[in-house]
>>> print(open('work-v4.tsv').read())   # TSV, N, CA and C atoms
chain	number	residue	atom	x	y	z
A	1	LEU	N	-29.93	6.93	0.61
A	1	LEU	CA	-30.85	7.75	1.37
A	1	LEU	C	-32.25	7.70	0.74
A	2	LEU	N	-32.30	7.71	-0.59
A	2	LEU	CA	-33.60	7.64	-1.25
A	2	LEU	C	-34.31	6.32	-0.93
A	3	LEU	N	-33.56	5.24	-0.86
A	3	LEU	CA	-34.14	3.94	-0.51
A	3	LEU	C	-34.75	4.00	0.89
A	4	ALA	N	-33.99	4.55	1.84
A	4	ALA	CA	-34.46	4.64	3.21
A	4	ALA	C	-35.69	5.54	3.34
A	5	LYS	N	-35.76	6.55	2.49
A	5	LYS	CA	-36.90	7.47	2.53
A	5	LYS	C	-38.09	6.93	1.75
A	6	GLY	N	-37.91	5.81	1.05
A	6	GLY	CA	-39.00	5.21	0.29
A	6	GLY	C	-39.23	5.86	-1.06
A	7	GLU	N	-38.28	6.63	-1.53
A	7	GLU	CA	-38.40	7.31	-2.82
A	7	GLU	C	-37.78	6.43	-3.91
A	8	ILE	N	-38.40	5.28	-4.11
A	8	ILE	CA	-37.86	4.25	-4.99
A	8	ILE	C	-37.88	4.70	-6.46
A	9	GLY	N	-38.91	5.41	-6.87
A	9	GLY	CA	-38.98	5.88	-8.25
A	9	GLY	C	-37.82	6.81	-8.59
A	10	LEU	N	-37.57	7.77	-7.73
A	10	LEU	CA	-36.46	8.69	-7.95
A	10	LEU	C	-35.13	7.96	-7.87
A	11	MET	N	-35.01	7.04	-6.92
A	11	MET	CA	-33.79	6.25	-6.80
A	11	MET	C	-33.53	5.49	-8.10
A	12	THR	N	-34.56	4.85	-8.61
A	12	THR	CA	-34.43	4.08	-9.85
A	12	THR	C	-33.95	4.97	-10.98
A	13	GLU	N	-34.56	6.13	-11.11
A	13	GLU	CA	-34.20	7.07	-12.17
A	13	GLU	C	-32.74	7.50	-12.07
A	14	LEU	N	-32.32	7.88	-10.88
A	14	LEU	CA	-30.94	8.35	-10.70
A	14	LEU	C	-29.92	7.22	-10.87
A	15	VAL	N	-30.26	6.03	-10.40
A	15	VAL	CA	-29.36	4.89	-10.55
A	15	VAL	C	-29.18	4.56	-12.03
A	16	GLU	N	-30.25	4.59	-12.78
A	16	GLU	CA	-30.15	4.29	-14.22
A	16	GLU	C	-29.26	5.31	-14.94
A	17	GLU	N	-29.40	6.58	-14.59
A	17	GLU	CA	-28.53	7.61	-15.18
A	17	GLU	C	-27.07	7.36	-14.81
A	18	ALA	N	-26.84	7.03	-13.56
A	18	ALA	CA	-25.47	6.80	-13.09
A	18	ALA	C	-24.87	5.55	-13.72
A	19	ILE	N	-25.68	4.51	-13.93
A	19	ILE	CA	-25.20	3.29	-14.59
A	19	ILE	C	-24.72	3.63	-16.00
A	20	ALA	N	-25.49	4.43	-16.70
A	20	ALA	CA	-25.09	4.83	-18.06
A	20	ALA	C	-23.76	5.58	-18.03
A	21	GLU	N	-23.59	6.46	-17.07
A	21	GLU	CA	-22.36	7.23	-16.97
A	21	GLU	C	-21.17	6.35	-16.59
A	22	ALA	N	-21.36	5.46	-15.62
A	22	ALA	CA	-20.28	4.57	-15.20
A	22	ALA	C	-19.88	3.62	-16.33
A	23	SER	N	-20.86	3.16	-17.08
A	23	SER	CA	-20.58	2.29	-18.22
A	23	SER	C	-19.79	3.03	-19.29
A	24	ALA	N	-20.17	4.28	-19.54
A	24	ALA	CA	-19.52	5.06	-20.59
A	24	ALA	C	-18.03	5.28	-20.31
A	25	VAL	N	-17.67	5.40	-19.04
A	25	VAL	CA	-16.26	5.63	-18.70
A	25	VAL	C	-15.58	4.35	-18.21
A	26	GLU	N	-16.29	3.23	-18.31
A	26	GLU	CA	-15.77	1.92	-17.94
A	26	GLU	C	-15.27	1.87	-16.49
A	27	ASP	N	-16.05	2.48	-15.59
A	27	ASP	CA	-15.74	2.46	-14.16
A	27	ASP	C	-16.44	1.25	-13.55
A	28	GLU	N	-15.76	0.11	-13.57
A	28	GLU	CA	-16.36	-1.15	-13.15
A	28	GLU	C	-16.68	-1.19	-11.65
A	29	GLU	N	-15.87	-0.54	-10.85
A	29	GLU	CA	-16.11	-0.54	-9.41
A	29	GLU	C	-17.42	0.19	-9.09
A	30	THR	N	-17.60	1.36	-9.66
A	30	THR	CA	-18.83	2.12	-9.45
A	30	THR	C	-20.00	1.40	-10.10
A	31	LEU	N	-19.80	0.84	-11.27
A	31	LEU	CA	-20.86	0.11	-11.96
A	31	LEU	C	-21.37	-1.03	-11.10
A	32	THR	N	-20.48	-1.78	-10.47
A	32	THR	CA	-20.90	-2.88	-9.60
A	32	THR	C	-21.79	-2.37	-8.48
A	33	PHE	N	-21.37	-1.30	-7.82
A	33	PHE	CA	-22.16	-0.70	-6.74
A	33	PHE	C	-23.53	-0.28	-7.24
A	34	LEU	N	-23.57	0.35	-8.41
A	34	LEU	CA	-24.84	0.84	-8.95
A	34	LEU	C	-25.77	-0.29	-9.36
A	35	LEU	N	-25.21	-1.37	-9.89
A	35	LEU	CA	-26.05	-2.52	-10.24
A	35	LEU	C	-26.68	-3.13	-8.99
A	36	ILE	N	-25.93	-3.13	-7.90
A	36	ILE	CA	-26.49	-3.61	-6.63
A	36	ILE	C	-27.62	-2.69	-6.19
A	37	GLN	N	-27.43	-1.38	-6.34
A	37	GLN	CA	-28.48	-0.43	-6.00
A	37	GLN	C	-29.72	-0.64	-6.88
A	38	ARG	N	-29.49	-0.95	-8.16
A	38	ARG	CA	-30.61	-1.26	-9.07
A	38	ARG	C	-31.38	-2.47	-8.53
A	39	GLY	N	-30.65	-3.46	-8.04
A	39	GLY	CA	-31.28	-4.64	-7.46
A	39	GLY	C	-32.09	-4.32	-6.22
A	40	TYR	N	-31.55	-3.46	-5.35
A	40	TYR	CA	-32.30	-3.04	-4.15
A	40	TYR	C	-33.60	-2.35	-4.55
A	41	ALA	N	-33.50	-1.42	-5.49
A	41	ALA	CA	-34.69	-0.68	-5.91
A	41	ALA	C	-35.74	-1.64	-6.48
A	42	ALA	N	-35.31	-2.58	-7.30
A	42	ALA	CA	-36.24	-3.55	-7.88
A	42	ALA	C	-36.90	-4.39	-6.79
A	43	THR	N	-36.13	-4.77	-5.79
A	43	THR	CA	-36.67	-5.55	-4.68
A	43	THR	C	-37.77	-4.77	-3.96
A	44	PHE	N	-37.52	-3.49	-3.70
A	44	PHE	CA	-38.50	-2.68	-3.00
A	44	PHE	C	-39.72	-2.36	-3.87
A	45	ARG	N	-39.57	-2.46	-5.19
A	45	ARG	CA	-40.72	-2.31	-6.09
A	45	ARG	C	-41.49	-3.62	-6.19
A	46	GLY	N	-40.90	-4.70	-5.67
A	46	GLY	CA	-41.54	-6.01	-5.75
A	46	GLY	C	-41.24	-6.75	-7.03
A	47	ASP	N	-40.27	-6.27	-7.80
A	47	ASP	CA	-39.90	-6.90	-9.07
A	47	ASP	C	-38.67	-7.79	-8.84
A	48	LEU	N	-38.92	-8.98	-8.35
A	48	LEU	CA	-37.81	-9.86	-7.98
A	48	LEU	C	-37.03	-10.37	-9.17
A	49	ASP	N	-37.67	-10.48	-10.33
A	49	ASP	CA	-36.94	-10.89	-11.53
A	49	ASP	C	-35.92	-9.83	-11.92
A	50	ALA	N	-36.32	-8.56	-11.88
A	50	ALA	CA	-35.39	-7.48	-12.19
A	50	ALA	C	-34.28	-7.40	-11.14
A	51	ALA	N	-34.62	-7.65	-9.89
A	51	ALA	CA	-33.61	-7.63	-8.83
A	51	ALA	C	-32.58	-8.73	-9.07
A	52	GLU	N	-33.05	-9.91	-9.40
A	52	GLU	CA	-32.15	-11.03	-9.66
A	52	GLU	C	-31.24	-10.73	-10.85
A	53	GLU	N	-31.80	-10.14	-11.89
A	53	GLU	CA	-31.02	-9.79	-13.07
A	53	GLU	C	-29.94	-8.76	-12.74
A	54	ALA	N	-30.31	-7.74	-11.98
A	54	ALA	CA	-29.34	-6.69	-11.62
A	54	ALA	C	-28.21	-7.25	-10.77
A	55	LEU	N	-28.55	-8.08	-9.80
A	55	LEU	CA	-27.52	-8.64	-8.93
A	55	LEU	C	-26.64	-9.63	-9.69
A	56	SER	N	-27.23	-10.35	-10.63
A	56	SER	CA	-26.42	-11.24	-11.48
A	56	SER	C	-25.44	-10.44	-12.33
A	57	GLU	N	-25.89	-9.29	-12.84
A	57	GLU	CA	-25.00	-8.42	-13.61
A	57	GLU	C	-23.85	-7.92	-12.73
A	58	ALA	N	-24.16	-7.54	-11.50
A	58	ALA	CA	-23.11	-7.07	-10.59
A	58	ALA	C	-22.09	-8.18	-10.33
A	59	LEU	N	-22.57	-9.39	-10.11
A	59	LEU	CA	-21.65	-10.51	-9.89
A	59	LEU	C	-20.80	-10.79	-11.12
A	60	ALA	N	-21.39	-10.64	-12.30
A	60	ALA	CA	-20.63	-10.86	-13.54
A	60	ALA	C	-19.49	-9.84	-13.67
A	61	VAL	N	-19.76	-8.60	-13.31
A	61	VAL	CA	-18.70	-7.58	-13.35
A	61	VAL	C	-17.59	-7.95	-12.38
A	62	LEU	N	-17.97	-8.38	-11.18
A	62	LEU	CA	-16.97	-8.78	-10.19
A	62	LEU	C	-16.16	-9.98	-10.67
A	63	ARG	N	-16.83	-10.94	-11.28
A	63	ARG	CA	-16.11	-12.12	-11.80
A	63	ARG	C	-15.11	-11.71	-12.86
A	64	ASP	N	-15.51	-10.78	-13.73
A	64	ASP	CA	-14.60	-10.29	-14.77
A	64	ASP	C	-13.38	-9.60	-14.17
A	65	ARG	N	-13.54	-9.07	-12.95
A	65	ARG	CA	-12.44	-8.40	-12.27
A	65	ARG	C	-11.64	-9.38	-11.40
A	66	GLY	N	-11.90	-10.64	-11.53
A	66	GLY	CA	-11.17	-11.63	-10.72
A	66	GLY	C	-11.76	-11.83	-9.34
A	67	GLY	N	-13.02	-11.43	-9.16
A	67	GLY	CA	-13.68	-11.64	-7.88
A	67	GLY	C	-13.36	-10.60	-6.84
A	68	ARG	N	-12.74	-9.50	-7.24
A	68	ARG	CA	-12.35	-8.46	-6.28
A	68	ARG	C	-13.16	-7.19	-6.49
A	69	TRP	N	-13.44	-6.53	-5.40
A	69	TRP	CA	-14.03	-5.20	-5.44
A	69	TRP	C	-12.92	-4.25	-5.03
A	70	GLY	N	-12.70	-3.24	-5.78
A	70	GLY	CA	-11.65	-2.28	-5.48
A	70	GLY	C	-10.53	-2.37	-6.49
A	71	PRO	N	-9.52	-1.56	-6.29
A	71	PRO	CA	-8.41	-1.56	-7.25
A	71	PRO	C	-7.66	-2.89	-7.23
A	72	PRO	N	-7.09	-3.26	-8.37
A	72	PRO	CA	-6.31	-4.50	-8.42
A	72	PRO	C	-5.13	-4.45	-7.45
A	73	LEU	N	-4.87	-5.57	-6.85
A	73	LEU	CA	-3.71	-5.65	-5.93
A	73	LEU	C	-2.43	-5.88	-6.73
A	74	CYS	N	-1.38	-5.23	-6.33
A	74	CYS	CA	-0.09	-5.38	-7.02
A	74	CYS	C	0.77	-6.39	-6.32
>>> encode(input="work-v4.tsv", output="structure tokens")
Amino acid sequence: LLLAKGEIGLMTELVEEAIAEASAVEDEETLTFLLIQRGYAATFRGDLDAAEEALSEALAVLRDRGGRWGPPLC
């Protein structure tokens, strides 16, 4: 919602806080989502290098999970 409202600064701040929390509890699914949000925010700030880095981090988390988003399949 913050992205849609153009409140990129606040979005960036909240996403960074949430990334720290998701990392601390090793919640990879939420971390992936948040890294993507970090990439969106960077894109809207015009920082394409930061956007590329954030999206690459998100892909790395997914690769570590076997390429799946969501709980492991049994």
>>> atom_distance(input="work-v4.tsv", atom1="atom CA of Asp49 of chain A", atom2="atom C of Ser23 of chain A")
23.4 Å
>>> residues_around(input="work-v4.tsv", residues="Ile19 of chain A", least_positions_apart="3", cutoff="7 Å", atoms="all atoms listed in the file", output="number ranges by chain")
A: 14-16, 22-24, 31, 34-35
>>> atom_distance(input="work-v4.tsv", atom1="atom N of Gly46 of chain A", atom2="atom C of Glu7 of chain A")
11.7 Å
>>> atom_distance(input="work-v4.tsv", atom1="atom CA of Leu48 of chain A", atom2="atom C of Thr30 of chain A")
21.2 Å
>>> closest_residue(input="work-v4.tsv", among="A:Tyr40, A:Glu21, A:Ile8, A:Glu28", to="Glu52 of chain A", atoms="only N, CA and C atoms")
A:Tyr40
>>> select_by_dssp(input="work-v4.tsv", residues="chain A", states="alpha helix (DSSP H)", output="VMD selection string")
chain A and resid 2 to 5 8 to 24 28 to 45 48 to 64
>>> closest_residue(input="work-v4.tsv", among="A:Leu62, A:Gly6, A:Met11, A:Glu26", to="Arg38 of chain A", atoms="all atoms listed in the file")
A:Met11
>>> closest_residue(input="work-v4.tsv", among="A:Leu1, A:Thr12, A:Arg63, A:Glu17", to="Ala41 of chain A", atoms="only N, CA and C atoms")
A:Thr12
>>> closest_residue(input="work-v4.tsv", among="A:Val25, A:Ala60, A:Leu55, A:Ala42", to="Glu13 of chain A", atoms="only C-alpha atoms")
A:Ala42
